[in-house]
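S.K.: This is structure-v1.cif, which holds mmCIF, C-alpha atoms and all ligand atoms:
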```cif
data_my_file
#
loop_
_atom_site.group_PDB
_atom_site.id
_atom_site.type_symbol
_atom_site.label_atom_id
_atom_site.label_comp_id
_atom_site.auth_asym_id
_atom_site.auth_seq_id
_atom_site.Cartn_x
_atom_site.Cartn_y
_atom_site.Cartn_z
ATOM 1 C CA MET W 1 32.068 -38.103 9.026
ATOM 2 C CA GLU W 2 35.046 -40.403 8.637
ATOM 3 C CA GLY W 3 37.933 -38.757 6.833
ATOM 4 C CA LYS W 4 40.108 -41.033 4.712
ATOM 5 C CA ARG W 5 42.900 -39.782 2.524
ATOM 6 C CA GLY W 6 46.082 -40.987 0.899
ATOM 7 C CA ALA W 7 49.429 -39.787 -0.392
ATOM 8 C CA ALA W 8 51.914 -41.360 -2.800
ATOM 9 C CA GLY W 9 55.615 -41.931 -2.219
ATOM 10 C CA LYS W 10 58.247 -39.969 -4.128
ATOM 11 C CA ILE W 11 61.787 -40.190 -5.394
ATOM 12 C CA ILE W 12 64.315 -37.507 -6.173
ATOM 13 C CA LEU W 13 65.479 -37.935 -9.769
ATOM 14 C CA PHE W 14 68.193 -35.292 -9.583
ATOM 15 C CA GLY W 15 69.624 -32.925 -6.994
ATOM 16 C CA GLU W 16 69.488 -34.580 -3.550
ATOM 17 C CA HIS W 17 71.886 -32.955 -1.033
ATOM 18 C CA SER W 18 72.717 -30.039 -3.341
ATOM 19 C CA VAL W 19 69.051 -28.996 -2.890
ATOM 20 C CA VAL W 20 69.834 -28.301 0.785
ATOM 21 C CA TYR W 21 72.283 -25.603 -0.442
ATOM 22 C CA GLY W 22 69.872 -23.820 -2.766
ATOM 23 C CA LYS W 23 70.433 -25.808 -5.959
ATOM 24 C CA PRO W 24 67.474 -27.058 -8.010
ATOM 25 C CA ALA W 25 66.172 -30.617 -7.753
ATOM 26 C CA ILE W 26 63.589 -32.757 -9.533
ATOM 27 C CA ALA W 27 61.285 -35.097 -7.618
ATOM 28 C CA VAL W 28 58.537 -37.329 -8.976
ATOM 29 C CA PRO W 29 55.694 -39.233 -7.312
ATOM 30 C CA VAL W 30 55.733 -43.021 -7.100
ATOM 31 C CA ALA W 31 52.058 -43.834 -7.358
ATOM 32 C CA SER W 32 52.492 -47.576 -6.749
ATOM 33 C CA VAL W 33 53.289 -47.054 -3.056
ATOM 34 C CA ARG W 34 50.910 -45.109 -0.851
ATOM 35 C CA ALA W 35 50.179 -44.071 2.702
ATOM 36 C CA ASN W 36 46.561 -43.841 3.797
ATOM 37 C CA ALA W 37 45.006 -42.372 6.915
ATOM 38 C CA ARG W 38 41.565 -42.803 8.392
ATOM 39 C CA VAL W 39 40.234 -40.373 10.992
ATOM 40 C CA LYS W 40 37.281 -40.724 13.329
ATOM 41 C CA LYS W 41 36.138 -39.364 16.671
ATOM 42 C CA GLY W 42 38.267 -40.915 19.371
ATOM 43 C CA LYS W 43 40.690 -40.520 22.231
ATOM 44 C CA GLY W 44 43.633 -38.739 20.601
ATOM 45 C CA PHE W 45 45.896 -41.489 19.211
ATOM 46 C CA ILE W 46 47.587 -42.319 15.901
ATOM 47 C CA THR W 47 47.865 -46.075 15.362
ATOM 48 C CA SER W 48 50.029 -47.684 12.702
ATOM 49 C CA VAL W 49 48.552 -50.727 10.978
ATOM 50 C CA GLN W 50 52.063 -51.989 10.139
ATOM 51 C CA THR W 51 54.045 -51.376 13.360
ATOM 52 C CA LYS W 52 51.078 -51.368 15.802
ATOM 53 C CA GLU W 53 52.706 -48.296 17.344
ATOM 54 C CA ARG W 54 50.199 -46.138 19.251
ATOM 55 C CA ILE W 55 51.294 -42.502 19.206
ATOM 56 C CA PRO W 56 49.506 -39.974 21.451
ATOM 57 C CA ILE W 57 48.577 -36.898 19.402
ATOM 58 C CA SER W 58 49.827 -34.854 22.375
ATOM 59 C CA SER W 59 53.364 -36.323 21.988
ATOM 60 C CA GLU W 60 56.524 -34.998 20.301
ATOM 61 C CA HIS W 61 56.341 -37.493 17.411
ATOM 62 C CA PRO W 62 56.433 -35.827 13.949
ATOM 63 C CA PHE W 63 53.091 -37.464 13.001
ATOM 64 C CA ALA W 64 51.553 -36.159 16.228
ATOM 65 C CA LEU W 65 52.745 -32.663 15.310
ATOM 66 C CA ALA W 66 51.216 -33.053 11.820
ATOM 67 C CA ALA W 67 47.916 -34.085 13.408
ATOM 68 C CA ARG W 68 47.960 -31.239 15.965
ATOM 69 C CA ASN W 69 48.822 -28.621 13.346
ATOM 70 C CA ALA W 70 46.105 -29.925 11.026
ATOM 71 C CA LEU W 71 43.514 -29.987 13.833
ATOM 72 C CA LYS W 72 44.459 -26.402 14.694
ATOM 73 C CA ARG W 73 44.341 -25.314 11.054
ATOM 74 C CA VAL W 74 40.821 -26.680 10.548
ATOM 75 C CA GLU W 75 39.705 -25.416 13.980
ATOM 76 C CA ALA W 76 38.607 -28.878 15.040
ATOM 77 C CA VAL W 77 36.881 -29.517 18.340
ATOM 78 C CA GLY W 78 37.116 -32.734 20.335
ATOM 79 C CA PHE W 79 39.506 -35.673 20.065
ATOM 80 C CA VAL W 80 40.112 -37.890 17.049
ATOM 81 C CA ASP W 81 41.862 -41.186 16.397
ATOM 82 C CA VAL W 82 43.943 -41.701 13.263
ATOM 83 C CA GLU W 83 44.667 -45.064 11.679
ATOM 84 C CA LEU W 84 47.756 -44.948 9.504
ATOM 85 C CA ASP W 85 48.267 -47.587 6.832
ATOM 86 C CA SER W 86 51.420 -47.154 4.756
ATOM 87 C CA GLU W 87 53.072 -49.467 2.246
ATOM 88 C CA ILE W 88 55.960 -47.038 1.665
ATOM 89 C CA PRO W 89 59.225 -48.461 2.993
ATOM 90 C CA VAL W 90 60.462 -46.395 5.930
ATOM 91 C CA ALA W 91 63.770 -44.465 5.795
ATOM 92 C CA SER W 92 64.483 -45.461 2.213
ATOM 93 C CA GLY W 93 64.319 -42.176 0.316
ATOM 94 C CA MET W 94 60.745 -42.743 -0.846
ATOM 95 C CA GLY W 95 59.208 -40.004 1.234
ATOM 96 C CA SER W 96 57.487 -42.270 3.758
ATOM 97 C CA GLY W 97 57.534 -39.684 6.582
ATOM 98 C CA ALA W 98 56.188 -36.891 4.384
ATOM 99 C CA ALA W 99 53.529 -39.139 2.813
ATOM 100 C CA CYS W 100 52.287 -40.296 6.246
ATOM 101 C CA SER W 101 52.135 -36.681 7.478
ATOM 102 C CA VAL W 102 50.271 -35.600 4.318
ATOM 103 C CA ALA W 103 47.802 -38.500 4.607
ATOM 104 C CA ILE W 104 47.114 -37.586 8.276
ATOM 105 C CA ILE W 105 46.644 -33.882 7.453
ATOM 106 C CA ARG W 106 44.311 -34.602 4.529
ATOM 107 C CA ALA W 107 42.254 -37.121 6.492
ATOM 108 C CA ILE W 108 41.826 -34.651 9.377
ATOM 109 C CA ALA W 109 40.767 -31.915 6.943
ATOM 110 C CA ALA W 110 38.283 -34.279 5.252
ATOM 111 C CA HIS W 111 36.911 -35.393 8.631
ATOM 112 C CA ASN W 112 36.254 -31.730 9.447
ATOM 113 C CA LYS W 113 34.921 -30.990 5.950
ATOM 114 C CA VAL W 114 37.611 -28.384 5.319
ATOM 115 C CA LYS W 115 39.357 -28.164 1.953
ATOM 116 C CA LEU W 116 43.065 -27.444 2.198
ATOM 117 C CA SER W 117 45.159 -26.510 -0.832
ATOM 118 C CA ASP W 118 48.180 -28.659 -1.725
ATOM 119 C CA LYS W 119 50.353 -25.733 -0.612
ATOM 120 C CA ASP W 120 48.603 -25.612 2.806
ATOM 121 C CA VAL W 121 49.096 -29.357 3.231
ATOM 122 C CA SER W 122 52.744 -29.090 2.198
ATOM 123 C CA ASP W 123 53.406 -26.239 4.659
ATOM 124 C CA ILE W 124 51.895 -28.175 7.563
ATOM 125 C CA ALA W 125 53.830 -31.343 6.611
ATOM 126 C CA TYR W 126 57.075 -29.321 6.435
ATOM 127 C CA GLU W 127 56.869 -28.663 10.198
ATOM 128 C CA SER W 128 56.931 -32.431 10.800
ATOM 129 C CA GLU W 129 59.731 -32.906 8.262
ATOM 130 C CA LYS W 130 61.863 -30.600 10.427
ATOM 131 C CA LEU W 131 61.366 -32.959 13.387
ATOM 132 C CA PHE W 132 62.311 -35.941 11.214
ATOM 133 C CA HIS W 133 65.229 -34.475 9.317
ATOM 134 C CA GLY W 134 66.637 -31.447 11.148
ATOM 135 C CA THR W 135 67.165 -29.007 8.273
ATOM 136 C CA PRO W 136 65.112 -30.401 5.380
ATOM 137 C CA SER W 137 64.995 -28.594 2.056
ATOM 138 C CA GLY W 138 61.218 -29.153 1.875
ATOM 139 C CA ILE W 139 61.373 -31.214 -1.323
ATOM 140 C CA ASP W 140 59.734 -34.306 0.216
ATOM 141 C CA ASN W 141 56.607 -32.594 1.552
ATOM 142 C CA THR W 142 56.316 -30.589 -1.685
ATOM 143 C CA ALA W 143 56.574 -33.551 -4.073
ATOM 144 C CA VAL W 144 54.229 -35.655 -1.952
ATOM 145 C CA SER W 145 51.592 -32.940 -1.408
ATOM 146 C CA PHE W 146 51.419 -31.897 -5.053
ATOM 147 C CA GLU W 147 51.751 -35.492 -6.331
ATOM 148 C CA MET W 148 53.241 -34.229 -9.573
ATOM 149 C CA PRO W 149 56.755 -34.084 -10.956
ATOM 150 C CA VAL W 150 58.231 -30.961 -9.372
ATOM 151 C CA TRP W 151 61.114 -28.612 -9.992
ATOM 152 C CA PHE W 152 62.137 -27.519 -6.545
ATOM 153 C CA ILE W 153 64.401 -24.760 -5.270
ATOM 154 C CA LYS W 154 64.448 -24.216 -1.507
ATOM 155 C CA GLY W 155 62.514 -21.112 -0.481
ATOM 156 C CA GLN W 156 60.830 -20.676 -3.887
ATOM 157 C CA GLU W 157 57.396 -21.693 -5.140
ATOM 158 C CA PRO W 158 57.745 -25.187 -6.643
ATOM 159 C CA GLU W 159 57.012 -25.558 -10.353
ATOM 160 C CA THR W 160 55.268 -28.593 -11.768
ATOM 161 C CA LEU W 161 57.103 -30.212 -14.659
ATOM 162 C CA LYS W 162 55.549 -31.309 -17.919
ATOM 163 C CA ILE W 163 56.824 -34.705 -19.004
ATOM 164 C CA LYS W 164 56.880 -34.684 -22.788
ATOM 165 C CA LYS W 165 57.633 -38.380 -23.135
ATOM 166 C CA PRO W 166 56.981 -40.837 -20.273
ATOM 167 C CA PHE W 167 59.917 -42.956 -19.116
ATOM 168 C CA LYS W 168 60.402 -45.950 -16.857
ATOM 169 C CA ILE W 169 62.397 -45.976 -13.651
ATOM 170 C CA VAL W 170 63.317 -49.083 -11.677
ATOM 171 C CA ILE W 171 63.837 -48.536 -7.958
ATOM 172 C CA GLY W 172 66.020 -50.989 -6.037
ATOM 173 C CA TYR W 173 65.995 -51.138 -2.248
ATOM 174 C CA THR W 174 69.246 -52.085 -0.478
ATOM 175 C CA GLY W 175 67.361 -53.211 2.625
ATOM 176 C CA ILE W 176 69.397 -50.759 4.688
ATOM 177 C CA LYS W 177 67.595 -47.860 6.311
ATOM 178 C CA GLY W 178 69.081 -44.520 5.338
ATOM 179 C CA LYS W 179 69.613 -41.986 8.099
ATOM 180 C CA THR W 180 68.732 -38.719 6.372
ATOM 181 C CA LYS W 181 69.290 -36.456 9.375
ATOM 182 C CA GLU W 182 72.765 -37.869 10.144
ATOM 183 C CA LEU W 183 73.806 -37.950 6.462
ATOM 184 C CA VAL W 184 72.754 -34.340 5.839
ATOM 185 C CA ALA W 185 74.598 -33.266 9.006
ATOM 186 C CA ALA W 186 77.727 -35.236 8.015
ATOM 187 C CA VAL W 187 77.743 -33.638 4.543
ATOM 188 C CA ARG W 188 77.442 -30.217 6.187
ATOM 189 C CA GLU W 189 80.431 -30.985 8.446
ATOM 190 C CA ARG W 190 82.587 -32.122 5.526
ATOM 191 C CA LYS W 191 81.516 -29.090 3.510
ATOM 192 C CA GLU W 192 82.582 -26.751 6.296
ATOM 193 C CA LYS W 193 86.082 -28.292 6.146
ATOM 194 C CA ASP W 194 86.362 -27.904 2.366
ATOM 195 C CA GLU W 195 83.968 -25.249 1.106
ATOM 196 C CA ALA W 196 85.618 -24.875 -2.305
ATOM 197 C CA LYS W 197 85.365 -28.560 -3.181
ATOM 198 C CA TYR W 198 81.793 -28.968 -1.973
ATOM 199 C CA ASN W 199 80.597 -25.772 -3.646
ATOM 200 C CA ARG W 200 82.055 -27.036 -6.920
ATOM 201 C CA LEU W 201 80.337 -30.412 -6.545
ATOM 202 C CA PHE W 202 76.993 -28.850 -5.617
ATOM 203 C CA ASP W 203 77.237 -26.376 -8.507
ATOM 204 C CA GLU W 204 77.651 -29.270 -10.924
ATOM 205 C CA MET W 205 74.725 -31.153 -9.369
ATOM 206 C CA GLY W 206 72.620 -28.025 -9.948
ATOM 207 C CA GLU W 207 73.739 -27.849 -13.591
ATOM 208 C CA ILE W 208 72.816 -31.510 -14.034
ATOM 209 C CA ALA W 209 69.310 -30.884 -12.655
ATOM 210 C CA THR W 210 68.918 -27.953 -15.056
ATOM 211 C CA SER W 211 69.998 -30.079 -18.048
ATOM 212 C CA ALA W 212 67.682 -32.877 -16.895
ATOM 213 C CA ARG W 213 64.723 -30.504 -16.730
ATOM 214 C CA LYS W 214 65.320 -29.432 -20.330
ATOM 215 C CA ALA W 215 65.641 -33.055 -21.456
ATOM 216 C CA ILE W 216 62.435 -34.069 -19.640
ATOM 217 C CA GLU W 217 60.477 -31.149 -21.060
ATOM 218 C CA ARG W 218 61.749 -31.793 -24.585
ATOM 219 C CA GLY W 219 61.347 -35.569 -24.424
ATOM 220 C CA ASN W 220 65.093 -36.234 -24.885
ATOM 221 C CA ILE W 221 65.004 -39.169 -22.518
ATOM 222 C CA ASP W 222 68.301 -40.710 -23.650
ATOM 223 C CA VAL W 223 70.143 -37.680 -22.278
ATOM 224 C CA LEU W 224 68.897 -38.509 -18.774
ATOM 225 C CA GLY W 225 70.965 -41.722 -18.466
ATOM 226 C CA PRO W 226 74.406 -40.106 -18.619
ATOM 227 C CA LEU W 227 73.140 -37.269 -16.394
ATOM 228 C CA MET W 228 72.102 -39.843 -13.774
ATOM 229 C CA ASP W 229 75.479 -41.556 -13.989
ATOM 230 C CA ARG W 230 77.301 -38.259 -13.483
ATOM 231 C CA ASN W 231 74.995 -37.238 -10.622
ATOM 232 C CA HIS W 232 75.846 -40.553 -8.963
ATOM 233 C CA GLU W 233 79.592 -39.876 -9.335
ATOM 234 C CA LEU W 234 79.129 -36.518 -7.623
ATOM 235 C CA LEU W 235 77.126 -38.129 -4.800
ATOM 236 C CA ARG W 236 79.969 -40.608 -4.366
ATOM 237 C CA ALA W 237 82.350 -37.664 -4.176
ATOM 238 C CA ILE W 238 80.418 -36.254 -1.209
ATOM 239 C CA SER W 239 80.641 -39.718 0.411
ATOM 240 C CA VAL W 240 76.973 -40.648 0.644
ATOM 241 C CA SER W 241 77.113 -43.895 -1.342
ATOM 242 C CA SER W 242 77.618 -47.335 0.211
ATOM 243 C CA PRO W 243 78.916 -50.731 -0.995
ATOM 244 C CA GLU W 244 75.320 -52.009 -1.276
ATOM 245 C CA LEU W 245 74.256 -49.029 -3.392
ATOM 246 C CA GLU W 246 77.350 -49.417 -5.581
ATOM 247 C CA LYS W 247 76.535 -53.074 -6.161
ATOM 248 C CA LEU W 248 72.976 -52.319 -7.265
ATOM 249 C CA VAL W 249 74.001 -49.365 -9.450
ATOM 250 C CA ALA W 250 76.610 -51.552 -11.193
ATOM 251 C CA ALA W 251 74.123 -54.409 -11.636
ATOM 252 C CA ALA W 252 71.576 -52.093 -13.255
ATOM 253 C CA ARG W 253 74.165 -50.681 -15.645
ATOM 254 C CA ASN W 254 75.427 -54.174 -16.523
ATOM 255 C CA ALA W 255 71.855 -55.184 -17.305
ATOM 256 C CA GLY W 256 71.678 -52.412 -19.892
ATOM 257 C CA ALA W 257 70.161 -49.530 -17.897
ATOM 258 C CA LYS W 258 70.753 -46.183 -19.606
ATOM 259 C CA GLY W 259 71.848 -44.673 -16.305
ATOM 260 C CA ALA W 260 71.668 -45.294 -12.570
ATOM 261 C CA LYS W 261 72.201 -43.424 -9.333
ATOM 262 C CA LEU W 262 71.566 -43.567 -5.638
ATOM 263 C CA VAL W 263 68.458 -41.682 -4.650
ATOM 264 C CA GLY W 264 67.635 -39.567 -1.596
ATOM 265 C CA ALA W 265 70.015 -39.173 1.310
ATOM 266 C CA GLY W 266 72.057 -42.322 0.527
ATOM 267 C CA GLY W 267 74.023 -44.534 2.937
ATOM 268 C CA GLY W 268 71.506 -47.279 2.047
ATOM 269 C CA GLY W 269 67.906 -46.768 1.027
ATOM 270 C CA ASN W 270 67.221 -46.919 -2.691
ATOM 271 C CA MET W 271 68.866 -46.517 -6.048
ATOM 272 C CA ILE W 272 67.159 -45.834 -9.360
ATOM 273 C CA ALA W 273 67.841 -46.858 -12.937
ATOM 274 C CA LEU W 274 66.494 -45.532 -16.215
ATOM 275 C CA THR W 275 65.623 -48.275 -18.675
ATOM 276 C CA ASP W 276 63.389 -49.429 -21.511
ATOM 277 C CA GLU W 277 63.707 -52.975 -20.195
ATOM 278 C CA PRO W 278 62.429 -52.802 -16.615
ATOM 279 C CA LYS W 279 61.962 -56.569 -16.294
ATOM 280 C CA LYS W 280 65.585 -57.284 -17.170
ATOM 281 C CA VAL W 281 66.894 -54.592 -14.803
ATOM 282 C CA LYS W 282 64.535 -55.719 -12.035
ATOM 283 C CA LYS W 283 65.832 -59.279 -12.318
ATOM 284 C CA ALA W 284 69.463 -58.120 -12.248
ATOM 285 C CA LEU W 285 68.806 -56.014 -9.139
ATOM 286 C CA LEU W 286 67.174 -58.922 -7.315
ATOM 287 C CA VAL W 287 70.114 -61.178 -8.220
ATOM 288 C CA ALA W 288 72.500 -58.480 -6.926
ATOM 289 C CA GLY W 289 70.733 -58.492 -3.553
ATOM 290 C CA ALA W 290 67.998 -55.841 -3.807
ATOM 291 C CA LYS W 291 65.461 -56.503 -1.071
ATOM 292 C CA ARG W 292 62.587 -54.964 -3.007
ATOM 293 C CA VAL W 293 62.240 -53.619 -6.535
ATOM 294 C CA TYR W 294 59.588 -51.215 -7.803
ATOM 295 C CA VAL W 295 58.961 -50.112 -11.374
ATOM 296 C CA THR W 296 57.343 -46.758 -11.978
ATOM 297 C CA THR W 297 56.485 -44.750 -15.056
ATOM 298 C CA VAL W 298 57.266 -41.067 -14.830
ATOM 299 C CA GLY W 299 54.665 -39.031 -16.639
ATOM 300 C CA GLY W 300 52.616 -42.054 -17.628
HETATM 301 O O1 LIG J 1 66.215 -39.593 1.673
HETATM 302 P P1 LIG J 1 65.150 -38.638 1.269
HETATM 303 O O2 LIG J 1 64.412 -38.974 0.033
HETATM 304 O O3 LIG J 1 64.286 -38.195 2.402
HETATM 305 O O4 LIG J 1 65.857 -37.360 0.726
HETATM 306 C C1 LIG J 1 66.633 -36.489 1.420
HETATM 307 C C2 LIG J 1 67.023 -35.459 0.433
HETATM 308 C C3 LIG J 1 68.160 -34.576 0.900
HETATM 309 O O5 LIG J 1 68.420 -33.691 -0.170
HETATM 310 C C4 LIG J 1 69.408 -35.395 1.188
HETATM 311 C C5 LIG J 1 67.782 -33.780 2.131
HETATM 312 C C6 LIG J 1 66.727 -32.720 1.904
HETATM 313 O O6 LIG J 1 66.186 -32.252 2.925
HETATM 314 O O7 LIG J 1 66.459 -32.318 0.765
#
```
Represent the structure contained in this file as structure tokens.
M.R.:
Amino acid sequence: MEGKRGAAGKIILFGEHSVVYGKPAIAVPVASVRANARVKKGKGFITSVQTKERIPISSEHPFALAARNALKRVEAVGFVDVELDSEIPVASGMGSGAACSVAIIRAIAAHNKVKLSDKDVSDIAYESEKLFHGTPSGIDNTAVSFEMPVWFIKGQEPETLKIKKPFKIVIGYTGIKGKTKELVAAVRERKEKDEAKYNRLFDEMGEIATSARKAIERGNIDVLGPLMDRNHELLRAISVSSPELEKLVAAARNAGAKGAKLVGAGGGGNMIALTDEPKKVKKALLVAGAKRVYVTTVGG
């Protein structure tokens, strides 16, 4: 039996970086970009349709680890080949690594006719996330595996969020690959030099995520804009923004977005904007130099 499975991308609406230090965060799936994997009997390789990379399943690559752990979990016998086909931009804060791992795990389980729970899939993908990101909070593999808006606190069971009123988010890509591992490590270093300041900033990011959850669950969407703007200020204060991100955030606000912020680890990657006029914001982002723009409806 050929196993074929997919996983959506994700973005963090609130709480990146502070989530590493135990604060809550909210992540939502981006259904318009997906990673798919196809598994069949073979010689033990993962091949990427996009990069043509051929990764031995016996290697140290995070996807190889995902495949090995999944094969072990389903007690598979014999060798398989995996074809990975992902339209999620790499290293951009859209959960590409986690989505590829999840697609591989699900396709291997399907190939072996084993049903894994979302939690099982997420736990296996987390092992690969550690190879990618060093000390990940686990939010990426969780949001991608559950493919639902999630309220996430490191070390706790994730909660799925009910979206009372759907809202539109525009995602603008700077074209610069974000280096999550290095950025998380650099934040940790700066925090160690000034614990008081960083604890204060992370506390406020946690409070923002809590307020955002209430607003999302009550359908008070207008409250989310100012919360995004403030979250962005705090992310600037921990030095993870970049001139390109600043340009796109400003362009979105000038085009009438209700709020905008960088998203994910920062240093490049993507920004997001909340708006009722996605076309207008999309155009403004492209004019300001965004390399790609996606529009997604949260809760739609
Ligand atoms: O850039 P992304 O979407 O992979 O997000 C990283 C999120 C951080 O909070 C910066 C790190 C983490 O492990 O949660």
S.K.: Identify which of the residues W:Gly138, W:Gly172, W:Pro226, W:Gly44 lies closest to Ala64 of chain W, counting only C-alpha atoms when measuring atom-to-atom distances.
M.R.: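 Closest candidate: W:Gly44.
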S.K.: For the interface of chain W with ligand LIG 1 (chain J) (cut-off 8 Å, counting all atoms listed in the file), please tabulate each contacting residue of chain W alongside its nearest pair of atoms and their separation in Å to one decimal, rows sorted by chain and increasing number, as JSON lines.
M.R.:
```
{"residue": "W:Lys10", "atom": "CA", "partner": "J:LIG1", "partner_atom": "O2", "distance": 7.5}
{"residue": "W:Ile11", "atom": "CA", "partner": "J:LIG1", "partner_atom": "O2", "distance": 6.1}
{"residue": "W:Ile12", "atom": "CA", "partner": "J:LIG1", "partner_atom": "O2", "distance": 6.4}
{"residue": "W:Gly15", "atom": "CA", "partner": "J:LIG1", "partner_atom": "O5", "distance": 7.0}
{"residue": "W:Glu16", "atom": "CA", "partner": "J:LIG1", "partner_atom": "O5", "distance": 3.7}
{"residue": "W:His17", "atom": "CA", "partner": "J:LIG1", "partner_atom": "O5", "distance": 3.6}
{"residue": "W:Ser18", "atom": "CA", "partner": "J:LIG1", "partner_atom": "O5", "distance": 6.5}
{"residue": "W:Val19", "atom": "CA", "partner": "J:LIG1", "partner_atom": "O5", "distance": 5.5}
{"residue": "W:Val20", "atom": "CA", "partner": "J:LIG1", "partner_atom": "O7", "distance": 5.2}
{"residue": "W:Ala91", "atom": "CA", "partner": "J:LIG1", "partner_atom": "O1", "distance": 6.8}
{"residue": "W:Ser92", "atom": "CA", "partner": "J:LIG1", "partner_atom": "O1", "distance": 6.1}
{"residue": "W:Gly93", "atom": "CA", "partner": "J:LIG1", "partner_atom": "O2", "distance": 3.2}
{"residue": "W:Met94", "atom": "CA", "partner": "J:LIG1", "partner_atom": "O2", "distance": 5.3}
{"residue": "W:Gly95", "atom": "CA", "partner": "J:LIG1", "partner_atom": "O2", "distance": 5.4}
{"residue": "W:His133", "atom": "CA", "partner": "J:LIG1", "partner_atom": "O6", "distance": 6.8}
{"residue": "W:Thr135", "atom": "CA", "partner": "J:LIG1", "partner_atom": "O6", "distance": 6.3}
{"residue": "W:Pro136", "atom": "CA", "partner": "J:LIG1", "partner_atom": "O6", "distance": 3.3}
{"residue": "W:Ser137", "atom": "CA", "partner": "J:LIG1", "partner_atom": "O6", "distance": 3.9}
{"residue": "W:Gly138", "atom": "CA", "partner": "J:LIG1", "partner_atom": "O6", "distance": 5.9}
{"residue": "W:Ile139", "atom": "CA", "partner": "J:LIG1", "partner_atom": "O7", "distance": 5.6}
{"residue": "W:Asp140", "atom": "CA", "partner": "J:LIG1", "partner_atom": "O3", "distance": 6.4}
{"residue": "W:Gly178", "atom": "CA", "partner": "J:LIG1", "partner_atom": "O1", "distance": 6.8}
{"residue": "W:Lys179", "atom": "CA", "partner": "J:LIG1", "partner_atom": "O1", "distance": 7.7}
{"residue": "W:Thr180", "atom": "CA", "partner": "J:LIG1", "partner_atom": "O1", "distance": 5.4}
{"residue": "W:Lys181", "atom": "CA", "partner": "J:LIG1", "partner_atom": "C5", "distance": 7.9}
{"residue": "W:Leu183", "atom": "CA", "partner": "J:LIG1", "partner_atom": "C4", "distance": 7.3}
{"residue": "W:Val184", "atom": "CA", "partner": "J:LIG1", "partner_atom": "C4", "distance": 5.8}
{"residue": "W:Val263", "atom": "CA", "partner": "J:LIG1", "partner_atom": "O2", "distance": 6.8}
{"residue": "W:Gly264", "atom": "CA", "partner": "J:LIG1", "partner_atom": "O1", "distance": 3.6}
{"residue": "W:Ala265", "atom": "CA", "partner": "J:LIG1", "partner_atom": "C4", "distance": 3.8}
{"residue": "W:Gly266", "atom": "CA", "partner": "J:LIG1", "partner_atom": "O1", "distance": 6.5}
{"residue": "W:Gly269", "atom": "CA", "partner": "J:LIG1", "partner_atom": "O1", "distance": 7.4}
```
S.K.: Which is closest to Gly268 of chain W among W:Thr174, W:Ile216, W:Ala250, W:Ala237, if we use all atoms listed in the file?
M.R.: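 Among the listed residues, the smallest separation from Gly268 of chain W belongs to W:Thr174.
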S.K.: Which one of W:Glu244, W:Glu233, W:Ser48, W:Gly42 sits closest to Met205 of chain W if you count only C-alpha atoms?
M.R.: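 Ranked by minimum distance to Met205 of chain W, first place goes to W:Glu233.
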S.K.: Grab the atom CA of Ala98 of chain W to atom CA of Val39 of chain W distance for me, in Å with one decimal place.
M.R.: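 Computing it gives 17.6 Å between the two atoms.
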S.K.: I need every residue sitting at most 7 Å from the point (36.3, -35.4, 14.3) (coordinates as in the file, all atoms listed in the file considered), written as JSON, numbers by chain.
M.R.: {"W": [40, 41, 76, 78, 79, 80, 111, 112]}
S.K.: Find, counting all atoms listed in the file, the residue in W:Asp222, W:Asp276, W:Glu189, W:Glu159 that gets nearest to Thr297 of chain W.
M.R.: W:Asp276
S.K.: Quick one: pull the distance between atom CA of Ala66 of chain W and atom CA of Leu84 of chain W, Å, one decimal.
M.R.: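 Separation of atom CA of Ala66 of chain W and atom CA of Leu84 of chain W: 12.6 Å.
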S.K.: Looking at all atoms listed in the file, which of W:Ala284, W:Val82, W:Val298, W:Ala257 is the one that sits closest to Val28 of chain W?
M.R.: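 Looking at the shortest contact to Val28 of chain W, the residue is W:Val298.
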